[in-house]
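For reference, data_15.cif is printed below; it contains mmCIF, C-alpha atoms.
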data_data
#
loop_
_atom_site.label_atom_id
_atom_site.label_comp_id
_atom_site.auth_asym_id
_atom_site.auth_seq_id
_atom_site.Cartn_x
_atom_site.Cartn_y
_atom_site.Cartn_z
CA ALA A 22 105.53 -49.69 -168.34
CA GLN A 23 108.00 -52.25 -167.06
CA LYS A 24 107.33 -51.23 -163.44
CA MET A 25 103.58 -51.51 -163.89
CA ASP A 26 104.03 -55.07 -165.07
CA VAL A 27 105.92 -56.03 -161.89
CA VAL A 28 103.24 -54.52 -159.62
CA GLU A 29 100.48 -56.42 -161.38
CA ARG A 30 102.26 -59.74 -160.90
CA LYS A 31 102.16 -59.37 -157.09
CA ALA A 32 100.27 -62.30 -155.57
CA PRO A 33 96.96 -61.42 -153.96
CA MET A 34 96.88 -61.15 -150.15
CA ALA A 35 94.90 -64.35 -149.62
CA VAL A 36 97.67 -66.34 -151.31
CA THR A 37 100.60 -64.80 -149.40
CA ASN A 38 98.70 -65.23 -146.10
CA ALA A 39 99.55 -61.62 -145.18
CA VAL A 40 97.20 -59.69 -142.92
CA SER A 41 96.24 -56.10 -143.64
CA TRP A 42 96.29 -55.08 -139.95
CA ARG A 43 99.84 -56.25 -139.19
CA SER A 44 103.08 -55.55 -140.99
CA GLU A 45 105.97 -58.01 -141.38
CA GLY A 46 109.29 -57.72 -139.54
CA ILE A 47 108.07 -56.44 -136.13
CA LYS A 48 110.70 -57.09 -133.43
CA TYR A 49 110.66 -56.76 -129.63
CA LYS A 50 113.35 -57.64 -127.07
CA LYS A 51 110.65 -58.60 -124.56
CA ASN A 52 107.53 -60.30 -125.92
CA GLU A 53 104.46 -59.39 -123.89
CA VAL A 54 100.67 -59.37 -124.16
CA PHE A 55 98.46 -57.30 -121.87
CA LEU A 56 94.76 -58.09 -121.71
CA ASP A 57 92.32 -55.95 -119.71
CA VAL A 58 88.83 -57.31 -119.19
CA VAL A 59 86.80 -54.14 -118.56
CA GLU A 60 83.12 -54.26 -117.59
CA SER A 61 81.00 -51.10 -117.37
CA VAL A 62 77.79 -51.30 -115.36
CA ASN A 63 74.79 -49.29 -116.54
CA LEU A 64 72.14 -48.99 -113.86
CA LEU A 65 68.99 -46.96 -113.36
CA VAL A 66 67.06 -47.26 -110.09
CA ASN A 67 63.61 -45.73 -109.64
CA ALA A 68 62.70 -43.40 -106.76
CA ASN A 69 60.85 -46.32 -105.14
CA GLY A 70 64.03 -48.42 -105.15
CA SER A 71 63.24 -50.76 -108.04
CA VAL A 72 65.82 -51.42 -110.76
CA VAL A 73 64.54 -50.12 -114.11
CA ARG A 74 67.62 -50.82 -116.22
CA SER A 75 70.62 -53.01 -115.56
CA GLU A 76 73.23 -54.17 -118.06
CA ILE A 77 76.93 -54.89 -118.34
CA MET A 78 78.94 -53.70 -121.33
CA GLY A 79 82.19 -55.64 -121.56
CA ALA A 80 85.37 -55.20 -123.58
CA LEU A 81 88.55 -57.24 -123.96
CA LYS A 82 91.21 -54.59 -124.46
CA MET A 83 94.58 -55.81 -125.66
CA ARG A 84 98.05 -54.37 -126.03
CA THR A 85 100.49 -56.65 -127.84
CA TYR A 86 104.26 -56.24 -128.08
CA LEU A 87 105.14 -59.37 -130.02
CA THR A 88 107.82 -60.23 -132.56
CA GLY A 89 107.03 -61.62 -136.01
CA MET A 90 103.62 -63.04 -136.99
CA PRO A 91 102.26 -64.62 -133.81
CA GLU A 92 99.09 -66.67 -133.60
CA CYS A 93 97.12 -66.06 -130.40
CA LYS A 94 94.47 -68.29 -128.86
CA LEU A 95 92.16 -67.16 -126.10
CA GLY A 96 89.75 -69.26 -124.03
CA LEU A 97 86.91 -67.87 -121.89
CA ASN A 98 84.49 -69.50 -119.45
CA ASP A 99 81.81 -69.00 -122.08
CA ARG A 100 78.71 -71.13 -121.33
CA VAL A 101 78.17 -72.25 -124.96
CA LEU A 102 81.76 -73.50 -125.18
CA LEU A 103 81.80 -75.19 -121.78
CA GLU A 104 78.49 -76.96 -122.40
CA SER A 105 79.70 -78.21 -125.79
CA GLN A 106 82.75 -79.68 -124.01
CA GLY A 107 80.60 -81.14 -121.23
CA LYS A 108 82.41 -78.97 -118.65
CA SER A 109 79.47 -76.78 -117.65
CA GLY A 110 79.38 -78.24 -114.15
CA LYS A 111 82.88 -77.03 -113.30
CA GLY A 112 82.83 -73.48 -111.93
CA LYS A 113 80.87 -70.57 -113.28
CA ALA A 114 79.94 -70.13 -116.93
CA VAL A 115 78.73 -66.83 -118.40
CA ASP A 116 76.20 -66.01 -121.11
CA LEU A 117 77.69 -63.46 -123.48
CA GLU A 118 75.37 -61.57 -125.85
CA ASP A 119 76.03 -59.25 -128.81
CA MET A 120 79.62 -60.42 -129.15
CA LYS A 121 81.52 -58.27 -131.64
CA PHE A 122 85.08 -59.10 -132.70
CA HIS A 123 88.03 -57.19 -134.11
CA GLN A 124 88.61 -58.04 -137.80
CA CYS A 125 91.68 -60.11 -136.83
CA VAL A 126 89.56 -62.83 -135.17
CA ARG A 127 88.90 -65.91 -137.32
CA LEU A 128 85.11 -65.91 -137.23
CA ALA A 129 84.68 -69.29 -138.97
CA ARG A 130 86.86 -70.88 -136.29
CA PHE A 131 84.85 -69.22 -133.51
CA GLU A 132 81.55 -70.32 -135.02
CA SER A 133 82.71 -73.92 -135.33
CA ASP A 134 84.30 -74.45 -131.88
CA ARG A 135 84.08 -71.11 -129.96
CA THR A 136 87.88 -70.71 -130.04
CA ILE A 137 89.02 -67.11 -130.32
CA SER A 138 92.11 -67.35 -132.53
CA PHE A 139 93.81 -64.40 -134.25
CA VAL A 140 96.98 -62.77 -135.53
CA PRO A 141 96.93 -59.58 -133.44
CA PRO A 142 97.60 -56.04 -134.66
CA ASP A 143 100.68 -54.44 -133.08
CA GLY A 144 99.90 -52.28 -130.04
CA ALA A 145 96.48 -51.47 -128.58
CA PHE A 146 93.10 -52.66 -129.90
CA ASP A 147 89.74 -53.98 -128.67
CA LEU A 148 89.71 -57.71 -129.35
CA MET A 149 86.06 -58.15 -128.48
CA THR A 150 83.05 -56.42 -126.94
CA TYR A 151 79.98 -58.04 -125.41
CA ARG A 152 76.83 -57.27 -123.44
CA ILE A 153 75.12 -59.05 -120.56
CA SER A 154 71.54 -58.06 -119.87
CA SER A 155 70.84 -60.23 -116.83
CA GLN A 156 69.93 -58.25 -113.71
CA VAL A 157 72.86 -57.66 -111.40
CA LYS A 158 72.59 -56.64 -107.78
CA PRO A 159 73.57 -52.93 -107.65
CA LEU A 160 77.22 -52.89 -106.58
CA ILE A 161 76.90 -49.62 -104.67
CA TRP A 162 73.47 -48.86 -103.25
CA ILE A 163 72.51 -45.31 -102.25
CA GLU A 164 69.60 -44.22 -100.08
CA CYS A 165 68.92 -40.52 -99.61
CA THR A 166 66.41 -38.96 -97.20
CA VAL A 167 65.68 -35.24 -97.50
CA ASN A 168 64.10 -33.45 -94.53
CA ASN A 169 62.85 -29.89 -94.68
CA SER A 170 63.19 -29.21 -90.96
CA SER A 171 61.83 -25.68 -91.45
CA ARG A 172 61.02 -23.39 -94.36
CA SER A 173 64.61 -22.24 -94.51
CA ARG A 174 66.58 -25.38 -93.52
CA VAL A 175 67.01 -28.65 -95.39
CA GLU A 176 68.82 -31.78 -94.19
CA TYR A 177 70.16 -34.68 -96.22
CA LEU A 178 70.94 -38.12 -94.85
CA VAL A 179 72.75 -40.28 -97.42
CA LYS A 180 73.55 -43.96 -96.89
CA ALA A 181 76.06 -45.66 -99.22
CA LYS A 182 76.35 -49.44 -99.09
CA SER A 183 78.72 -51.72 -101.04
CA GLN A 184 76.97 -54.93 -102.08
CA PHE A 185 79.92 -56.98 -103.29
CA LYS A 186 82.18 -59.41 -101.39
CA ALA A 187 84.49 -58.09 -98.68
CA ARG A 188 87.62 -59.31 -100.50
CA SER A 189 87.06 -56.65 -103.20
CA ALA A 190 87.17 -52.87 -102.80
CA ALA A 191 85.93 -50.03 -104.97
CA SER A 192 88.32 -47.16 -105.54
CA ASN A 193 87.80 -43.48 -106.43
CA VAL A 194 84.11 -43.60 -105.57
CA GLU A 195 82.29 -40.34 -106.27
CA ILE A 196 78.63 -39.88 -105.30
CA SER A 197 76.94 -36.76 -106.63
CA ILE A 198 73.69 -35.77 -104.86
CA PRO A 199 71.64 -32.96 -106.48
CA VAL A 200 70.96 -29.99 -104.18
CA ALA A 201 68.84 -26.84 -104.66
CA SER A 202 70.87 -24.17 -106.48
CA ASP A 203 70.07 -21.52 -103.84
CA ALA A 204 71.33 -23.63 -100.92
CA THR A 205 73.85 -21.82 -98.72
CA ALA A 206 75.82 -22.31 -95.48
CA PRO A 207 76.50 -26.04 -95.91
CA VAL A 208 77.44 -28.14 -92.88
CA VAL A 209 78.64 -31.54 -94.13
CA ARG A 210 79.83 -34.60 -92.18
CA ALA A 211 80.81 -37.97 -93.69
CA SER A 212 81.72 -41.17 -91.81
CA GLN A 213 84.23 -41.98 -94.57
CA GLY A 214 85.99 -39.97 -97.27
CA SER A 215 85.42 -36.30 -97.90
CA ALA A 216 82.28 -34.43 -98.94
CA GLU A 217 81.65 -30.88 -100.05
CA TYR A 218 79.01 -28.75 -101.68
CA ALA A 219 79.90 -27.99 -105.32
CA PRO A 220 77.68 -25.01 -106.26
CA GLU A 221 78.86 -25.06 -109.91
CA ARG A 222 77.43 -28.58 -110.19
CA GLU A 223 74.44 -27.85 -107.91
CA ALA A 224 75.41 -30.99 -106.06
CA LEU A 225 76.83 -32.42 -102.90
CA VAL A 226 79.93 -34.40 -103.95
CA TRP A 227 81.06 -37.25 -101.72
CA LYS A 228 84.41 -38.86 -102.51
CA ILE A 229 85.57 -42.16 -101.00
CA LYS A 230 89.04 -43.30 -102.09
CA ASN A 231 88.68 -46.87 -100.84
CA PHE A 232 85.27 -48.53 -100.33
CA PRO A 233 85.61 -52.19 -99.24
CA GLY A 234 82.83 -54.71 -99.94
CA GLY A 235 80.07 -55.26 -97.37
CA LYS A 236 80.46 -51.80 -95.78
CA GLU A 237 78.02 -48.96 -95.15
CA PHE A 238 78.94 -45.29 -94.81
CA LEU A 239 76.84 -42.26 -93.86
CA LEU A 240 76.79 -38.65 -94.92
CA ARG A 241 74.80 -35.87 -93.21
CA ALA A 242 74.43 -32.41 -94.69
CA LYS A 243 72.48 -29.31 -93.63
CA PHE A 244 71.80 -26.30 -95.83
CA SER A 245 70.06 -22.97 -95.47
CA LEU A 246 67.53 -22.08 -98.15
CA PRO A 247 66.32 -18.56 -98.88
CA SER A 248 63.00 -20.03 -100.04
CA ILE A 249 61.79 -23.61 -99.92
CA GLU A 250 59.76 -23.14 -103.13
CA GLY A 251 62.57 -22.72 -105.68
CA ASP A 252 64.25 -26.13 -105.82
CA SER A 253 66.23 -26.19 -109.04
CA SER A 254 67.36 -29.79 -108.56
CA VAL A 255 63.88 -30.41 -109.97
CA GLU A 256 64.00 -30.20 -113.75
CA GLY A 257 60.75 -30.27 -115.68
CA GLY A 258 58.94 -31.58 -112.61
CA ARG A 259 61.41 -34.44 -112.01
CA LYS A 260 64.34 -34.37 -109.63
CA GLN A 261 67.80 -34.94 -111.03
CA PRO A 262 69.15 -38.42 -110.15
CA ILE A 263 72.04 -39.25 -107.84
CA GLN A 264 75.06 -40.25 -109.94
CA VAL A 265 77.73 -42.69 -108.83
CA ASN A 266 81.21 -43.22 -110.30
CA PHE A 267 83.55 -46.01 -109.19
CA GLU A 268 86.10 -48.60 -110.22
CA ILE A 269 86.58 -52.09 -108.75
CA PRO A 270 89.93 -53.64 -109.72
CA TYR A 271 90.50 -57.45 -109.86
CA PHE A 272 86.73 -57.98 -110.21
CA THR A 273 84.11 -58.66 -112.88
CA VAL A 274 80.37 -58.54 -112.28
CA SER A 275 79.66 -61.24 -114.86
CA GLY A 276 82.28 -63.64 -113.53
CA ILE A 277 83.93 -63.85 -116.98
CA GLN A 278 87.36 -65.48 -116.80
CA VAL A 279 90.24 -65.86 -119.21
CA ARG A 280 90.98 -69.60 -118.99
CA TYR A 281 94.07 -69.36 -121.19
CA LEU A 282 95.91 -66.98 -123.50
CA LYS A 283 98.48 -68.72 -125.73
CA VAL A 284 100.96 -67.16 -128.12
CA ILE A 285 102.50 -69.34 -130.85
CA GLU A 286 105.16 -67.97 -133.19
CA LYS A 287 107.34 -69.94 -135.58
CA SER A 288 110.60 -68.77 -133.95
CA GLY A 289 109.35 -70.44 -130.75
CA TYR A 290 109.80 -67.59 -128.23
CA GLN A 291 107.99 -67.53 -124.88
CA ALA A 292 105.62 -64.59 -124.48
CA LEU A 293 104.40 -63.30 -121.13
CA PRO A 294 100.62 -62.83 -120.96
CA TRP A 295 99.28 -60.37 -118.33
CA VAL A 296 95.54 -60.38 -117.57
CA ARG A 297 93.71 -57.78 -115.45
CA TYR A 298 90.03 -57.48 -114.54
CA ILE A 299 88.29 -54.16 -113.86
CA THR A 300 84.66 -53.23 -113.24
CA GLN A 301 83.62 -49.60 -113.54
CA SER A 302 80.47 -47.52 -113.49
CA GLY A 303 78.88 -46.62 -116.81
CA GLU A 304 75.63 -44.66 -116.59
CA TYR A 305 74.89 -45.36 -112.95
CA GLU A 306 71.94 -43.36 -111.65
CA ILE A 307 69.58 -43.56 -108.70
CA ARG A 308 66.45 -41.40 -108.78
CA MET A 309 65.49 -39.51 -105.65
CA ASN A 310 62.13 -39.38 -103.92
#
Starting from the file, give its structure as structure tokens.
Amino acid sequence: AQKMDVVERKAPMAVTNAVSWRSEGIKYKKNEVFLDVVESVNLLVNANGSVVRSEIMGALKMRTYLTGMPECKLGLNDRVLLESQGKSGKGKAVDLEDMKFHQCVRLARFESDRTISFVPPDGAFDLMTYRISSQVKPLIWIECTVNNSSRSRVEYLVKAKSQFKARSAASNVEISIPVASDATAPVVRASQGSAEYAPEREALVWKIKNFPGGKEFLLRAKFSLPSIEGDSSVEGGRKQPIQVNFEIPYFTVSGIQVRYLKVIEKSGYQALPWVRYITQSGEYEIRMN
């Protein structure tokens, strides 16, 4: 009974200022914060070349290795904030929609002055996610022409073009072009990277390790077909789309920028903040003619 009494006298969390997502007494020799700004691009392009769907899904992914109970403050080039400070003319501002925060973020503070302030959990967590629905120019554009030179031969000409600035480069680009399942005897030539027929995927897979901005590469492929009628890359009367996977380091489509990332802890240590930007493909599909 005595023990029970002691437990009940414990002050509630709100009074002690403790946070449920972080325990006391965490210690690190080296205090560091890693922040990755990751944007995934979802794109759907019609067979006639018009963009049907285009959106950016963003996430601020953090890993914190910090001693004690640090208070972090993060500033973005968020249009609402910059306009309220009368700084909208300086550099680019971005419109963030559907912003969702980790429970550690002080929402009242954000709503009053757009400051993102928080006591972070230890280790890895998503600080915030957002969406941007404004149309973006497709980062990698694919054009594919299919020629049935005879009843038993088919030729593909694929053009891949990077539509971002030359100072950036996409890495690990993979372009998957649907091909008839009964295609045989492939002859494939690519001006960059490597390409091969992957029968298990019923696709021509073109891999380009490094794809700099403002470049155009070509792929030619010839196949033999036992019969031109049975094209199984057509499903339910519609051809399967071309799918593109890629990653562009040091780059964001939206132009979002971390203006500052401050760490304040009562013991007064200096923490090293590391910020990286990465853009990657989400659902990125281009329908074929």
Spatial neighbours of A:Leu178, max dist 9 Å, all atoms listed in the file, sep filter under 5 positions, as a tab-separated table (two decimals) with C-alpha atoms, keeping the file's coordinate frame:
chain	number	residue	atom	x	y	z
A	164	GLU	CA	69.60	-44.22	-100.08
A	165	CYS	CA	68.92	-40.52	-99.61
A	166	THR	CA	66.41	-38.96	-97.20
A	167	VAL	CA	65.68	-35.24	-97.50
A	168	ASN	CA	64.10	-33.45	-94.53
A	239	LEU	CA	76.84	-42.26	-93.86
A	240	LEU	CA	76.79	-38.65	-94.92
A	241	ARG	CA	74.80	-35.87	-93.21
A	242	ALA	CA	74.43	-32.41	-94.69
Identify all residues satisfying the PyMOL selection byres ((chain A and resi 209) around 10) in the given file; provide them as a PDB file with C-alpha atoms, in the coordinates of the input.
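The resulting part.pdb:
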ATOM      1  CA  GLU A 176      68.820 -31.780 -94.190  1.00  0.00           C
ATOM      2  CA  TYR A 177      70.160 -34.680 -96.220  1.00  0.00           C
ATOM      3  CA  ALA A 206      75.820 -22.310 -95.480  1.00  0.00           C
ATOM      4  CA  PRO A 207      76.500 -26.040 -95.910  1.00  0.00           C
ATOM      5  CA  VAL A 208      77.440 -28.140 -92.880  1.00  0.00           C
ATOM      6  CA  ARG A 210      79.830 -34.600 -92.180  1.00  0.00           C
ATOM      7  CA  ALA A 211      80.810 -37.970 -93.690  1.00  0.00           C
ATOM      8  CA  SER A 215      85.420 -36.300 -97.900  1.00  0.00           C
ATOM      9  CA  ALA A 216      82.280 -34.430 -98.940  1.00  0.00           C
ATOM     10  CA  GLU A 217      81.650 -30.880-100.050  1.00  0.00           C
ATOM     11  CA  TYR A 218      79.010 -28.750-101.680  1.00  0.00           C
ATOM     12  CA  LEU A 225      76.830 -32.420-102.900  1.00  0.00           C
ATOM     13  CA  TRP A 227      81.060 -37.250-101.720  1.00  0.00           C
ATOM     14  CA  LEU A 240      76.790 -38.650 -94.920  1.00  0.00           C
ATOM     15  CA  ARG A 241      74.800 -35.870 -93.210  1.00  0.00           C
ATOM     16  CA  ALA A 242      74.430 -32.410 -94.690  1.00  0.00           C
ATOM     17  CA  LYS A 243      72.480 -29.310 -93.630  1.00  0.00           C
ATOM     18  CA  PHE A 244      71.800 -26.300 -95.830  1.00  0.00           C
TER      19      PHE A 244
END
Which residues would end up in the selection if the PyMOL selection byres ((chain A and resi 173) around 6) were applied here, given that I need the answer as a list in words?
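What the PyMOL selection byres ((chain A and resi 173) around 6) grabs from the file is Ser171, Arg172, Arg174, Ser245, Leu246 and Pro247 of chain A.
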Run the PyMOL selection byres ((chain A and resi 221-224) around 12) mentally over the shown coordinates, then write out the matched residues as number ranges by chain, using the chain letters and numbers from the document.
A: 177, 195-205, 207, 216-220, 225-227, 242, 244, 252-255, 261-264
From the options A:Gly276, A:Gly303, A:Gly235, A:Gly289, which residue's atoms come nearest to A:Glu92, counting all atoms listed in the file?
A:Gly289
Kindly indicate which residue among A:Arg280, A:Gly46, A:Leu293, A:Leu65 lies nearest to A:Asp99, using only C-alpha atoms for the distances.
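Comparing A:Arg280, A:Gly46, A:Leu293, A:Leu65 against A:Asp99, the winner is A:Arg280.
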Excluding A:Arg127 and its own-chain neighbours fewer than 6 positions away, which residues fall within 8 Å of it when counting all atoms listed in the file? Please give them as an NGL selection string.
:A and (137-139)
Which of A:Tyr86, A:Phe232, A:Phe131, A:Trp162 sits closest to A:Ile47 [using all atoms listed in the file]
A:Tyr86
Between A:Phe238, A:Tyr281, A:Tyr151, A:Phe146, single out the one closest to A:Ala181, counting all atoms listed in the file.
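Under the stated criterion, the closest residue is A:Phe238.
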For atom CA of A:Tyr49 and atom CA of A:Thr136, the interatomic separation in Å (one decimal)
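Distance between the two atoms: 26.7 Å.
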In Å, rounded to a single decimal, give me how far atom CA of A:Arg135 is from atom CA of A:Glu60.
20.9 Å
With all atoms listed in the file counted and 8 Å as the cut-off, give the residues of stretch 181-234 of chain A in contact with stretch 268-273 of chain A, each with its shortest interatomic distance in Å and the pair that gives it, as JSON lines.
{"residue": "A:Ser189", "atom": "CA", "partner": "A:Phe272", "partner_atom": "CA", "distance": 7.1}
{"residue": "A:Ala190", "atom": "CA", "partner": "A:Ile269", "partner_atom": "CA", "distance": 6.0}
{"residue": "A:Ala191", "atom": "CA", "partner": "A:Ile269", "partner_atom": "CA", "distance": 4.4}
{"residue": "A:Ser192", "atom": "CA", "partner": "A:Glu268", "partner_atom": "CA", "distance": 5.4}
{"residue": "A:Asn193", "atom": "CA", "partner": "A:Glu268", "partner_atom": "CA", "distance": 6.6}
{"residue": "A:Val194", "atom": "CA", "partner": "A:Glu268", "partner_atom": "CA", "distance": 7.1}
Select, from A:Phe55, A:Ala145, A:Val265, A:Lys113, the residue with the minimum atom-to-atom distance to A:Arg308, counting all atoms listed in the file.
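Using all atoms listed in the file, A:Arg308 sits closest to A:Val265.
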One decimal, in Å: what's the spacing between atom CA of A:Ala114 and atom CA of A:Lys82?
20.6 Å
Determine the nearest neighbour of A:Leu148 from the options A:Ser71, A:Asn169, A:Asn310, A:Gln124, counting all atoms listed in the file.
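Among A:Ser71, A:Asn169, A:Asn310, A:Gln124, it is A:Gln124 that comes nearest to A:Leu148.
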